[in-house]
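Each remark here refers to the structure printed beneath this line.
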Amino acid sequence: EVMLAVEHLDWAAKNAKKVLKPRKVPSGLAGFNQAATLEYKPLGVIGVIGPWNYPVYTPMGSIAYSLAAGNAVVFKPSELTPGVAKWLEDKWNSIAPTQPVFQVITGLGETGSALVRSGVDKVAFTGSGPTARKVMAVCAESLTPLVAECGGKDAMIVAADANIDEAVEFAAFGAFGNAGQTCAGVERIYVEEPVYREFLDKLTATVERAKPGGDENSTYGPMTLPRQVDIVRSHIQDALSSGGKAVLGGLESVQERIVEPVILTDVPETSAAVREETFGPTVVVNRVRDLDEAVERANGTNYGLGASIFTRDKKKGRRLAERLRNGMVSVNSVLGFAAIASLPFGGIGESGFGRIHGADGLREFSRPKSVTVARFGSPLELMSLERPERHLKIAKIMLEYMHGR
């Protein structure tokens with residue numbers, strides 16, 4: 001997490017000037033006497049509301065790009081991770097004590113509402129869809145723009161020609177790393193029929209070796225948000241009661257704070273375990289007859305954050321990626337897009353809107369400004385209350401020549 005945050009800091013610092021510098025743009029025939037320039041200006045003050053699950057990497061995707069674009073930032077972290085935010089603020093002030101443009105405020109939801117109402121020029125929010133709707137409602141009071149990353153229900157597709165061992169390793173990490181508390185983690189896996197049993201058996205054998213707990217020797221740690229445990233339990237219950245099977249673990253895997261790994265299969269696509277974000281160490285593995293069905297199922301939820309595809313045929317992987325309804329896809333890896341600072345990060349639908357990271361992330365926290373300078377007078381007097389008839393006729397001929405059929 002820290003390594004990736006540093007990568008994004010470095011990219012934003014090195015590329016902001018190049019991405020946001022004024023540039024000349026073509027004027028076109030209609031404005032041939034004008035010199036046209038596109039500029040990008042800072043918005044002012046950005047209010048960043050961050051999550052608890054990756055308290056450095058995720059908010060820094062907004063903080064670093066906001067600062068690099070010339071803005072000041074007021075950061076409200078999750079009430080579960082205020083110490084991380086204060087550490088970031090202290091480090092900034094130790095490095096740039098004369099530039100107090102990064103400030104932290106801590107508190108509960110009311111603090112976040114106060115930040116949104118404080119007159120900031122844009123809000124960058126990361127969290128759940130229901131909370132995003134509340135933030136949007138407050139933003140609407142003053143027409144404050146918002147970029148929102150609201151989680152996902154990311155699918156993995158495993159083709160019959162995939163390297164199964166490789167797919168299994170990535171699936172185990174994507175589904176159970178950080179106790180499954182990853183917005184772009186793997187929550188659904190669709191495996192083509194010929195390799196379904198092999199994949200499921202190998203994934204089960206790999207995940208069986210996981211040792212959840214609370215010490216440094218644990219494979220992953222406890223659940224961070226206590227109420228999320230109830231959601232994990234309810235999704236497992238719904239999957240089982242609707243006809244799904246637990247290949248590994250089950251309801252007994254859900255303890256007070258620790259959730260042991262759970263692998264579910266044959267789960268109906270209507271189940272909450274398939275359609276809603278679980279955000280815990282569980283994964284649904286369903287077989288499909290072919291890749292067309294896999295794509296259809298992967299696109300079958302309201303979420304659209306990330307996805308992954310495993311196939312030895314890279315061209316086929318790219319074609320499948322184009323058909324997926326989301327913001328990001330990795331072929332033959334999981335979360336590959338998160339490590340590349342030049343790529344934008346974000347989703348569609350229930351997963352939110354807007355982008356952080358990359359050139360799009362820098363522009364997300366800027367406002368475009370158009371400037372024209374007349375190089376010489378136009379030979380056609382069209383912007384006059386007393387337009388000559390002859391000039392109108394010439395303009396008509398030009399318009400028909402350029403755009404007529």
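Letters A, B, ... go to the chains of the structure tokens in the order shown; residues in each chain start at 1; ligands are counted from 1 in the same order.
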Near-range 119-127 of chain A list (8 Å; only C-alpha atoms; drop same-chain fewer than 3 positions) as number ranges by chain:
A: 43-51, 58-59, 62, 115-116, 131-132, 144-151, 365
Deliver the residues from the most recent selection as a file, using C-alpha atoms, as a PDB file, in the first residue's frame.
```
ATOM      1  CA  LEU A  43     -10.233  24.441  -8.590  1.00  0.00           C
ATOM      2  CA  GLY A  44      -9.218  25.881  -5.212  1.00  0.00           C
ATOM      3  CA  VAL A  45      -9.821  23.733  -2.130  1.00  0.00           C
ATOM      4  CA  ILE A  46     -10.596  20.018  -2.431  1.00  0.00           C
ATOM      5  CA  GLY A  47     -12.393  18.193   0.377  1.00  0.00           C
ATOM      6  CA  VAL A  48     -11.226  14.576   0.516  1.00  0.00           C
ATOM      7  CA  ILE A  49     -13.249  11.994   2.456  1.00  0.00           C
ATOM      8  CA  GLY A  50     -11.257   8.781   2.749  1.00  0.00           C
ATOM      9  CA  PRO A  51     -11.912   5.135   3.680  1.00  0.00           C
ATOM     10  CA  THR A  58      -6.738   5.254  -1.498  1.00  0.00           C
ATOM     11  CA  PRO A  59      -7.005   8.840  -0.210  1.00  0.00           C
ATOM     12  CA  SER A  62      -7.092  12.173  -4.481  1.00  0.00           C
ATOM     13  CA  LEU A 115     -16.622  19.703   5.270  1.00  0.00           C
ATOM     14  CA  VAL A 116     -18.914  19.348   2.248  1.00  0.00           C
ATOM     15  CA  THR A 131     -22.937   7.014   1.986  1.00  0.00           C
ATOM     16  CA  ALA A 132     -22.062   8.456  -1.420  1.00  0.00           C
ATOM     17  CA  THR A 144     -20.444  21.354  -5.372  1.00  0.00           C
ATOM     18  CA  PRO A 145     -18.973  18.829  -7.848  1.00  0.00           C
ATOM     19  CA  LEU A 146     -18.127  15.343  -6.642  1.00  0.00           C
ATOM     20  CA  VAL A 147     -15.914  12.455  -7.681  1.00  0.00           C
ATOM     21  CA  ALA A 148     -17.048   9.224  -6.044  1.00  0.00           C
ATOM     22  CA  GLU A 149     -15.490   5.758  -5.790  1.00  0.00           C
ATOM     23  CA  CYS A 150     -18.109   3.528  -4.221  1.00  0.00           C
ATOM     24  CA  GLY A 151     -16.806  -0.022  -4.175  1.00  0.00           C
ATOM     25  CA  PHE A 365      -9.077  18.403  -9.924  1.00  0.00           C
TER      26      PHE A 365
END
```
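Those residues that approach His391 in chain A to within 10 Å, counting only C-alpha atoms, are A:Pro379, A:Leu380, A:Glu381, A:Leu382, A:Arg387, A:Ala395, A:Lys396, A:Ile397; same-chain residues fewer than 4 positions away are not listed.
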Please produce an output containing all heavy atoms for each residue in the selection, written as a JSON list (two decimals), in the first residue's frame.
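Everything below was put into again.json:
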```json
[["chain", "number", "residue", "atom", "x", "y", "z"],
["A", 379, "PRO", "N", -12.46, 38.49, -42.55],
["A", 379, "PRO", "CA", -12.93, 39.11, -43.80],
["A", 379, "PRO", "C", -14.45, 39.08, -43.94],
["A", 379, "PRO", "O", -15.01, 39.81, -44.76],
["A", 379, "PRO", "CB", -12.25, 38.27, -44.88],
["A", 379, "PRO", "CG", -11.97, 36.96, -44.23],
["A", 379, "PRO", "CD", -11.69, 37.28, -42.79],
["A", 380, "LEU", "N", -15.11, 38.26, -43.14],
["A", 380, "LEU", "CA", -16.57, 38.20, -43.16],
["A", 380, "LEU", "C", -17.11, 38.85, -41.89],
["A", 380, "LEU", "O", -16.79, 38.43, -40.76],
["A", 380, "LEU", "CB", -17.06, 36.75, -43.24],
["A", 380, "LEU", "CG", -16.67, 35.95, -44.48],
["A", 380, "LEU", "CD1", -17.20, 34.53, -44.39],
["A", 380, "LEU", "CD2", -17.18, 36.63, -45.74],
["A", 381, "GLU", "N", -17.94, 39.85, -42.06],
["A", 381, "GLU", "CA", -18.50, 40.55, -40.91],
["A", 381, "GLU", "C", -19.81, 39.87, -40.49],
["A", 381, "GLU", "O", -20.91, 40.32, -40.80],
["A", 381, "GLU", "CB", -18.76, 42.02, -41.29],
["A", 381, "GLU", "CG", -17.50, 42.80, -41.64],
["A", 381, "GLU", "CD", -17.82, 44.22, -42.06],
["A", 381, "GLU", "OE1", -18.91, 44.72, -41.68],
["A", 381, "GLU", "OE2", -17.00, 44.83, -42.75],
["A", 382, "LEU", "N", -19.65, 38.77, -39.77],
["A", 382, "LEU", "CA", -20.82, 38.00, -39.34],
["A", 382, "LEU", "C", -21.25, 38.35, -37.91],
["A", 382, "LEU", "O", -22.41, 38.20, -37.55],
["A", 382, "LEU", "CB", -20.54, 36.50, -39.42],
["A", 382, "LEU", "CG", -20.20, 35.96, -40.82],
["A", 382, "LEU", "CD1", -19.91, 34.48, -40.77],
["A", 382, "LEU", "CD2", -21.34, 36.24, -41.79],
["A", 387, "ARG", "N", -24.92, 42.97, -40.68],
["A", 387, "ARG", "CA", -24.15, 42.07, -41.52],
["A", 387, "ARG", "C", -24.46, 42.32, -42.99],
["A", 387, "ARG", "O", -25.64, 42.34, -43.39],
["A", 387, "ARG", "CB", -24.48, 40.61, -41.17],
["A", 387, "ARG", "CG", -24.09, 40.21, -39.75],
["A", 387, "ARG", "CD", -24.35, 38.73, -39.53],
["A", 387, "ARG", "NE", -25.78, 38.46, -39.49],
["A", 387, "ARG", "CZ", -26.52, 38.48, -38.39],
["A", 387, "ARG", "NH1", -25.95, 38.77, -37.24],
["A", 387, "ARG", "NH2", -27.81, 38.20, -38.45],
["A", 395, "ALA", "N", -20.96, 32.95, -46.35],
["A", 395, "ALA", "CA", -20.98, 32.07, -45.19],
["A", 395, "ALA", "C", -21.85, 30.84, -45.47],
["A", 395, "ALA", "O", -21.51, 29.72, -45.08],
["A", 395, "ALA", "CB", -21.48, 32.81, -43.96],
["A", 396, "LYS", "N", -22.96, 31.04, -46.16],
["A", 396, "LYS", "CA", -23.86, 29.93, -46.48],
["A", 396, "LYS", "C", -23.16, 28.93, -47.42],
["A", 396, "LYS", "O", -23.25, 27.72, -47.24],
["A", 396, "LYS", "CB", -25.13, 30.47, -47.13],
["A", 396, "LYS", "CG", -26.16, 29.40, -47.49],
["A", 396, "LYS", "CD", -27.43, 30.07, -48.00],
["A", 396, "LYS", "CE", -28.49, 29.01, -48.33],
["A", 396, "LYS", "NZ", -28.11, 28.18, -49.48],
["A", 397, "ILE", "N", -22.46, 29.48, -48.42],
["A", 397, "ILE", "CA", -21.73, 28.63, -49.35],
["A", 397, "ILE", "C", -20.64, 27.83, -48.60],
["A", 397, "ILE", "O", -20.46, 26.63, -48.83],
["A", 397, "ILE", "CB", -21.10, 29.47, -50.48],
["A", 397, "ILE", "CG1", -22.22, 30.07, -51.35],
["A", 397, "ILE", "CG2", -20.15, 28.63, -51.31],
["A", 397, "ILE", "CD1", -21.72, 31.08, -52.35]]
```
Go through range 255-283 of chain A and flag each residue having an atom no more than 8 Å from range 196-213 of chain A; for those, report the closest pair of atoms plus their distance in Å to one decimal, using only C-alpha atoms, ordered by chain and rising number, as a Markdown table.
```
| residue | atom | partner | partner_atom | distance |
| --- | --- | --- | --- | --- |
| A:Ile258 | CA | A:Gly213 | CA | 6.6 |
| A:Val259 | CA | A:Pro212 | CA | 7.4 |
| A:Glu260 | CA | A:Pro212 | CA | 6.2 |
| A:Pro261 | CA | A:Val207 | CA | 7.0 |
| A:Ile263 | CA | A:Thr204 | CA | 7.4 |
```
Calculated over only C-alpha atoms, which of the candidates A:Trp92, A:Ser118, A:Val334, A:Ala85 has the smallest distance to Val104 in chain A?
A:Ala85
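Proximity to Asp161 in chain A at 9 Å, evaluated using only C-alpha atoms and with sequence-adjacent residues fewer than 2 positions away removed, yields Val158, Ala159, Asn163, Ile164, Val195, Phe310, Thr311, Arg312 and Asp313 of chain A.
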Between CA of Leu362 in chain A and CA of Ala12 in chain A, what is the distance in Å, rounded to a tenth?
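Those two atoms sit 7.5 Å apart.
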If we count only C-alpha atoms and set the cut-off at 8 Å, which residues sit around range 173-187 of chain A, ignoring sequence neighbours fewer than 4 positions away in its own chain? Please answer as an mmCIF file with all heavy atoms, in the first residue's frame.
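Writing done, so here's selection.cif:
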```cif
data_model
loop_
_atom_site.group_PDB
_atom_site.id
_atom_site.type_symbol
_atom_site.label_atom_id
_atom_site.label_comp_id
_atom_site.auth_asym_id
_atom_site.auth_seq_id
_atom_site.Cartn_x
_atom_site.Cartn_y
_atom_site.Cartn_z
ATOM 1 N N ASN A 53 -10.082 1.094 4.736
ATOM 2 C CA ASN A 53 -9.482 -0.194 4.370
ATOM 3 C C ASN A 53 -8.081 -0.065 3.783
ATOM 4 O O ASN A 53 -7.235 -0.914 3.980
ATOM 5 C CB ASN A 53 -10.397 -0.977 3.431
ATOM 6 C CG ASN A 53 -10.722 -0.230 2.153
ATOM 7 O OD1 ASN A 53 -10.866 0.985 2.152
ATOM 8 N ND2 ASN A 53 -10.860 -0.952 1.062
ATOM 9 N N TYR A 54 -7.826 0.995 3.018
ATOM 10 C CA TYR A 54 -6.465 1.314 2.570
ATOM 11 C C TYR A 54 -6.247 2.791 2.882
ATOM 12 O O TYR A 54 -6.376 3.653 2.020
ATOM 13 C CB TYR A 54 -6.293 1.026 1.072
ATOM 14 C CG TYR A 54 -6.294 -0.448 0.758
ATOM 15 C CD1 TYR A 54 -7.460 -1.089 0.352
ATOM 16 C CD2 TYR A 54 -5.135 -1.205 0.890
ATOM 17 C CE1 TYR A 54 -7.479 -2.449 0.083
ATOM 18 C CE2 TYR A 54 -5.134 -2.569 0.618
ATOM 19 C CZ TYR A 54 -6.315 -3.186 0.214
ATOM 20 O OH TYR A 54 -6.320 -4.536 -0.047
ATOM 21 N N CYS A 150 -17.143 4.117 -5.154
ATOM 22 C CA CYS A 150 -18.109 3.528 -4.221
ATOM 23 C C CYS A 150 -18.049 2.007 -4.122
ATOM 24 O O CYS A 150 -19.062 1.365 -3.844
ATOM 25 C CB CYS A 150 -19.527 3.949 -4.614
ATOM 26 S SG CYS A 150 -19.717 5.725 -4.824
ATOM 27 N N GLY A 151 -16.915 1.411 -4.360
ATOM 28 C CA GLY A 151 -16.806 -0.022 -4.175
ATOM 29 C C GLY A 151 -17.224 -0.819 -5.390
ATOM 30 O O GLY A 151 -17.590 -0.278 -6.432
ATOM 31 N N GLY A 152 -17.169 -2.134 -5.261
ATOM 32 C CA GLY A 152 -17.466 -2.965 -6.418
ATOM 33 C C GLY A 152 -17.854 -4.378 -6.048
ATOM 34 O O GLY A 152 -17.880 -4.754 -4.874
ATOM 35 N N LYS A 153 -18.160 -5.142 -7.069
ATOM 36 C CA LYS A 153 -18.451 -6.567 -6.949
ATOM 37 C C LYS A 153 -17.683 -7.255 -8.072
ATOM 38 O O LYS A 153 -18.241 -7.913 -8.945
ATOM 39 C CB LYS A 153 -19.964 -6.802 -7.086
ATOM 40 C CG LYS A 153 -20.397 -8.217 -6.725
ATOM 41 C CD LYS A 153 -20.240 -8.498 -5.246
ATOM 42 C CE LYS A 153 -20.703 -9.908 -4.893
ATOM 43 N NZ LYS A 153 -20.488 -10.215 -3.455
ATOM 44 N N ASP A 154 -16.366 -7.075 -8.044
ATOM 45 C CA ASP A 154 -15.528 -7.412 -9.187
ATOM 46 C C ASP A 154 -15.535 -8.900 -9.509
ATOM 47 O O ASP A 154 -15.486 -9.758 -8.620
ATOM 48 C CB ASP A 154 -14.099 -6.944 -8.942
ATOM 49 C CG ASP A 154 -13.976 -5.441 -9.057
ATOM 50 O OD1 ASP A 154 -15.023 -4.763 -9.092
ATOM 51 O OD2 ASP A 154 -12.841 -4.945 -9.103
ATOM 52 N N ALA A 155 -15.585 -9.168 -10.801
ATOM 53 C CA ALA A 155 -15.615 -10.545 -11.302
ATOM 54 C C ALA A 155 -14.271 -10.933 -11.905
ATOM 55 O O ALA A 155 -13.564 -10.100 -12.476
ATOM 56 C CB ALA A 155 -16.704 -10.700 -12.364
ATOM 57 N N MET A 156 -13.937 -12.206 -11.780
ATOM 58 C CA MET A 156 -12.807 -12.803 -12.489
ATOM 59 C C MET A 156 -13.373 -13.830 -13.459
ATOM 60 O O MET A 156 -14.270 -14.602 -13.106
ATOM 61 C CB MET A 156 -11.835 -13.485 -11.513
ATOM 62 C CG MET A 156 -10.744 -14.294 -12.216
ATOM 63 S SD MET A 156 -9.770 -15.353 -11.093
ATOM 64 C CE MET A 156 -8.729 -14.126 -10.320
ATOM 65 N N GLU A 169 -3.579 -18.557 -7.852
ATOM 66 C CA GLU A 169 -2.799 -17.710 -6.946
ATOM 67 C C GLU A 169 -3.362 -16.288 -6.910
ATOM 68 O O GLU A 169 -3.511 -15.684 -5.840
ATOM 69 C CB GLU A 169 -1.327 -17.680 -7.381
ATOM 70 C CG GLU A 169 -0.574 -18.960 -7.091
ATOM 71 C CD GLU A 169 -0.547 -19.296 -5.612
ATOM 72 O OE1 GLU A 169 -0.352 -18.373 -4.786
ATOM 73 O OE2 GLU A 169 -0.740 -20.476 -5.269
ATOM 74 N N THR A 219 -2.262 -14.922 7.818
ATOM 75 C CA THR A 219 -2.393 -14.680 6.378
ATOM 76 C C THR A 219 -3.144 -13.377 6.129
ATOM 77 O O THR A 219 -2.794 -12.596 5.252
ATOM 78 C CB THR A 219 -3.146 -15.840 5.713
ATOM 79 O OG1 THR A 219 -2.504 -17.065 6.055
ATOM 80 C CG2 THR A 219 -3.166 -15.674 4.201
ATOM 81 N N TYR A 220 -4.192 -13.157 6.882
ATOM 82 C CA TYR A 220 -4.897 -11.875 6.860
ATOM 83 C C TYR A 220 -5.479 -11.637 8.242
ATOM 84 O O TYR A 220 -5.560 -12.542 9.073
ATOM 85 C CB TYR A 220 -5.976 -11.828 5.769
ATOM 86 C CG TYR A 220 -7.091 -12.847 5.895
ATOM 87 C CD1 TYR A 220 -8.161 -12.654 6.761
ATOM 88 C CD2 TYR A 220 -7.095 -13.995 5.102
ATOM 89 C CE1 TYR A 220 -9.192 -13.574 6.859
ATOM 90 C CE2 TYR A 220 -8.119 -14.927 5.199
ATOM 91 C CZ TYR A 220 -9.167 -14.715 6.075
ATOM 92 O OH TYR A 220 -10.189 -15.626 6.168
ATOM 93 N N GLY A 221 -5.882 -10.409 8.493
ATOM 94 C CA GLY A 221 -6.286 -10.022 9.826
ATOM 95 C C GLY A 221 -7.783 -10.045 10.059
ATOM 96 O O GLY A 221 -8.560 -10.547 9.245
ATOM 97 N N PRO A 222 -8.220 -9.470 11.176
ATOM 98 C CA PRO A 222 -9.637 -9.435 11.514
ATOM 99 C C PRO A 222 -10.394 -8.424 10.672
ATOM 100 O O PRO A 222 -9.796 -7.587 9.998
ATOM 101 C CB PRO A 222 -9.639 -9.028 12.993
ATOM 102 C CG PRO A 222 -8.382 -8.245 13.159
ATOM 103 C CD PRO A 222 -7.382 -8.869 12.237
ATOM 104 N N MET A 223 -11.707 -8.501 10.714
ATOM 105 C CA MET A 223 -12.545 -7.503 10.066
ATOM 106 C C MET A 223 -12.365 -6.169 10.792
ATOM 107 O O MET A 223 -12.303 -6.109 12.018
ATOM 108 C CB MET A 223 -14.007 -7.928 10.103
ATOM 109 C CG MET A 223 -14.281 -9.251 9.412
ATOM 110 S SD MET A 223 -14.036 -9.180 7.628
ATOM 111 C CE MET A 223 -15.429 -8.159 7.154
ATOM 112 N N VAL A 259 -13.095 -13.756 10.364
ATOM 113 C CA VAL A 259 -13.889 -14.561 9.439
ATOM 114 C C VAL A 259 -12.932 -15.465 8.681
ATOM 115 O O VAL A 259 -12.069 -14.990 7.941
ATOM 116 C CB VAL A 259 -14.689 -13.679 8.456
ATOM 117 C CG1 VAL A 259 -15.467 -14.566 7.474
ATOM 118 C CG2 VAL A 259 -15.650 -12.767 9.200
ATOM 119 N N PRO A 261 -11.786 -18.159 5.801
ATOM 120 C CA PRO A 261 -12.116 -18.110 4.370
ATOM 121 C C PRO A 261 -13.296 -18.995 3.998
ATOM 122 O O PRO A 261 -13.428 -20.117 4.507
ATOM 123 C CB PRO A 261 -10.822 -18.572 3.689
ATOM 124 C CG PRO A 261 -10.040 -19.273 4.744
ATOM 125 C CD PRO A 261 -10.408 -18.630 6.041
ATOM 126 N N VAL A 274 -23.937 -12.685 -4.786
ATOM 127 C CA VAL A 274 -23.481 -12.415 -6.151
ATOM 128 C C VAL A 274 -23.722 -10.965 -6.538
ATOM 129 O O VAL A 274 -22.928 -10.361 -7.245
ATOM 130 C CB VAL A 274 -24.193 -13.357 -7.152
ATOM 131 C CG1 VAL A 274 -23.878 -12.966 -8.597
ATOM 132 C CG2 VAL A 274 -23.785 -14.799 -6.898
ATOM 133 N N GLU A 277 -22.111 -6.053 -2.664
ATOM 134 C CA GLU A 277 -20.724 -6.068 -2.195
ATOM 135 C C GLU A 277 -20.649 -6.720 -0.818
ATOM 136 O O GLU A 277 -21.311 -6.284 0.123
ATOM 137 C CB GLU A 277 -20.167 -4.646 -2.140
ATOM 138 C CG GLU A 277 -18.699 -4.601 -1.794
ATOM 139 C CD GLU A 277 -18.131 -3.197 -1.848
ATOM 140 O OE1 GLU A 277 -18.847 -2.249 -1.465
ATOM 141 O OE2 GLU A 277 -16.968 -3.035 -2.281
ATOM 142 N N THR A 278 -19.841 -7.765 -0.710
ATOM 143 C CA THR A 278 -19.698 -8.490 0.554
ATOM 144 C C THR A 278 -18.621 -7.867 1.424
ATOM 145 O O THR A 278 -18.784 -7.708 2.622
ATOM 146 C CB THR A 278 -19.364 -9.973 0.285
ATOM 147 O OG1 THR A 278 -20.363 -10.531 -0.563
ATOM 148 C CG2 THR A 278 -19.322 -10.748 1.592
ATOM 149 N N PHE A 279 -17.485 -7.538 0.846
ATOM 150 C CA PHE A 279 -16.380 -6.876 1.551
ATOM 151 C C PHE A 279 -15.882 -7.726 2.715
ATOM 152 O O PHE A 279 -15.670 -7.232 3.823
ATOM 153 C CB PHE A 279 -16.823 -5.496 2.035
ATOM 154 C CG PHE A 279 -15.776 -4.428 1.804
ATOM 155 C CD1 PHE A 279 -15.332 -4.134 0.538
ATOM 156 C CD2 PHE A 279 -15.256 -3.715 2.875
ATOM 157 C CE1 PHE A 279 -14.376 -3.147 0.325
ATOM 158 C CE2 PHE A 279 -14.304 -2.731 2.675
ATOM 159 C CZ PHE A 279 -13.869 -2.441 1.398
ATOM 160 N N GLY A 280 -15.704 -8.998 2.438
ATOM 161 C CA GLY A 280 -15.164 -9.903 3.437
ATOM 162 C C GLY A 280 -14.477 -11.072 2.758
ATOM 163 O O GLY A 280 -14.509 -11.201 1.527
ATOM 164 N N PRO A 281 -13.861 -11.966 3.531
ATOM 165 C CA PRO A 281 -13.069 -13.067 2.958
ATOM 166 C C PRO A 281 -13.933 -14.230 2.463
ATOM 167 O O PRO A 281 -13.846 -15.354 2.958
ATOM 168 C CB PRO A 281 -12.169 -13.482 4.125
ATOM 169 C CG PRO A 281 -12.973 -13.158 5.342
ATOM 170 C CD PRO A 281 -13.754 -11.920 5.002
ATOM 171 N N THR A 282 -14.794 -13.929 1.499
ATOM 172 C CA THR A 282 -15.602 -14.952 0.848
ATOM 173 C C THR A 282 -15.521 -14.747 -0.657
ATOM 174 O O THR A 282 -15.256 -13.636 -1.123
ATOM 175 C CB THR A 282 -17.081 -14.873 1.279
ATOM 176 O OG1 THR A 282 -17.697 -13.740 0.652
ATOM 177 C CG2 THR A 282 -17.206 -14.740 2.785
ATOM 178 N N VAL A 283 -15.773 -15.804 -1.419
ATOM 179 C CA VAL A 283 -15.792 -15.678 -2.874
ATOM 180 C C VAL A 283 -16.761 -16.707 -3.440
ATOM 181 O O VAL A 283 -16.902 -17.811 -2.905
ATOM 182 C CB VAL A 283 -14.383 -15.874 -3.478
ATOM 183 C CG1 VAL A 283 -13.871 -17.299 -3.297
ATOM 184 C CG2 VAL A 283 -14.348 -15.456 -4.937
ATOM 185 N N VAL A 284 -17.460 -16.322 -4.487
ATOM 186 C CA VAL A 284 -18.372 -17.215 -5.198
ATOM 187 C C VAL A 284 -17.678 -17.695 -6.467
ATOM 188 O O VAL A 284 -17.196 -16.875 -7.262
ATOM 189 C CB VAL A 284 -19.685 -16.491 -5.553
ATOM 190 C CG1 VAL A 284 -20.561 -17.366 -6.450
ATOM 191 C CG2 VAL A 284 -20.444 -16.111 -4.291
ATOM 192 N N LEU A 305 -16.712 -1.575 -11.261
ATOM 193 C CA LEU A 305 -15.400 -1.031 -10.901
ATOM 194 C C LEU A 305 -14.299 -1.721 -11.709
ATOM 195 O O LEU A 305 -13.877 -1.229 -12.733
ATOM 196 C CB LEU A 305 -15.166 -1.171 -9.400
ATOM 197 C CG LEU A 305 -13.935 -0.424 -8.847
ATOM 198 C CD1 LEU A 305 -13.979 1.050 -9.184
ATOM 199 C CD2 LEU A 305 -13.799 -0.635 -7.344
ATOM 200 N N GLY A 306 -13.861 -2.890 -11.270
ATOM 201 C CA GLY A 306 -12.795 -3.583 -11.985
ATOM 202 C C GLY A 306 -13.169 -5.012 -12.316
ATOM 203 O O GLY A 306 -14.259 -5.485 -11.987
ATOM 204 N N ALA A 307 -12.256 -5.709 -12.985
ATOM 205 C CA ALA A 307 -12.455 -7.114 -13.325
ATOM 206 C C ALA A 307 -11.107 -7.692 -13.730
ATOM 207 O O ALA A 307 -10.132 -6.957 -13.952
ATOM 208 C CB ALA A 307 -13.468 -7.284 -14.458
ATOM 209 N N VAL A 334 -4.432 -9.643 -11.232
ATOM 210 C CA VAL A 334 -5.495 -9.025 -10.445
ATOM 211 C C VAL A 334 -4.984 -7.700 -9.924
ATOM 212 O O VAL A 334 -3.850 -7.611 -9.436
ATOM 213 C CB VAL A 334 -5.920 -9.942 -9.273
ATOM 214 C CG1 VAL A 334 -6.769 -9.188 -8.262
ATOM 215 C CG2 VAL A 334 -6.696 -11.140 -9.804
ATOM 216 N N LEU A 335 -5.776 -6.659 -10.068
ATOM 217 C CA LEU A 335 -5.425 -5.314 -9.594
ATOM 218 C C LEU A 335 -4.192 -4.747 -10.293
ATOM 219 O O LEU A 335 -3.535 -3.853 -9.760
ATOM 220 C CB LEU A 335 -5.191 -5.322 -8.071
ATOM 221 C CG LEU A 335 -6.400 -5.669 -7.200
ATOM 222 C CD1 LEU A 335 -5.980 -5.876 -5.759
ATOM 223 C CD2 LEU A 335 -7.448 -4.585 -7.288
#
```
Interatomic distance, CA of Gly109 in chain A to CA of Arg227 in chain A (Å, one decimal)
15.9 Å
Can you work out which one of A:Thr372, A:Ser384, A:Ser128, A:Ser241 has the shortest atom-to-atom distance to Gly31 in chain A, counting only C-alpha atoms?
A:Thr372
Those of range 205-338 of chain A in DSSP helix (DSSP H, G or I), formatted as JSON, numbers by chain
{"A": [205, 206, 207, 208, 226, 227, 228, 229, 230, 231, 232, 233, 234, 235, 236, 237, 238, 239, 240, 241, 251, 252, 253, 272, 273, 274, 275, 291, 292, 293, 294, 295, 296, 297, 298, 314, 315, 316, 317, 318, 319, 320, 321, 322, 323, 336, 337, 338]}
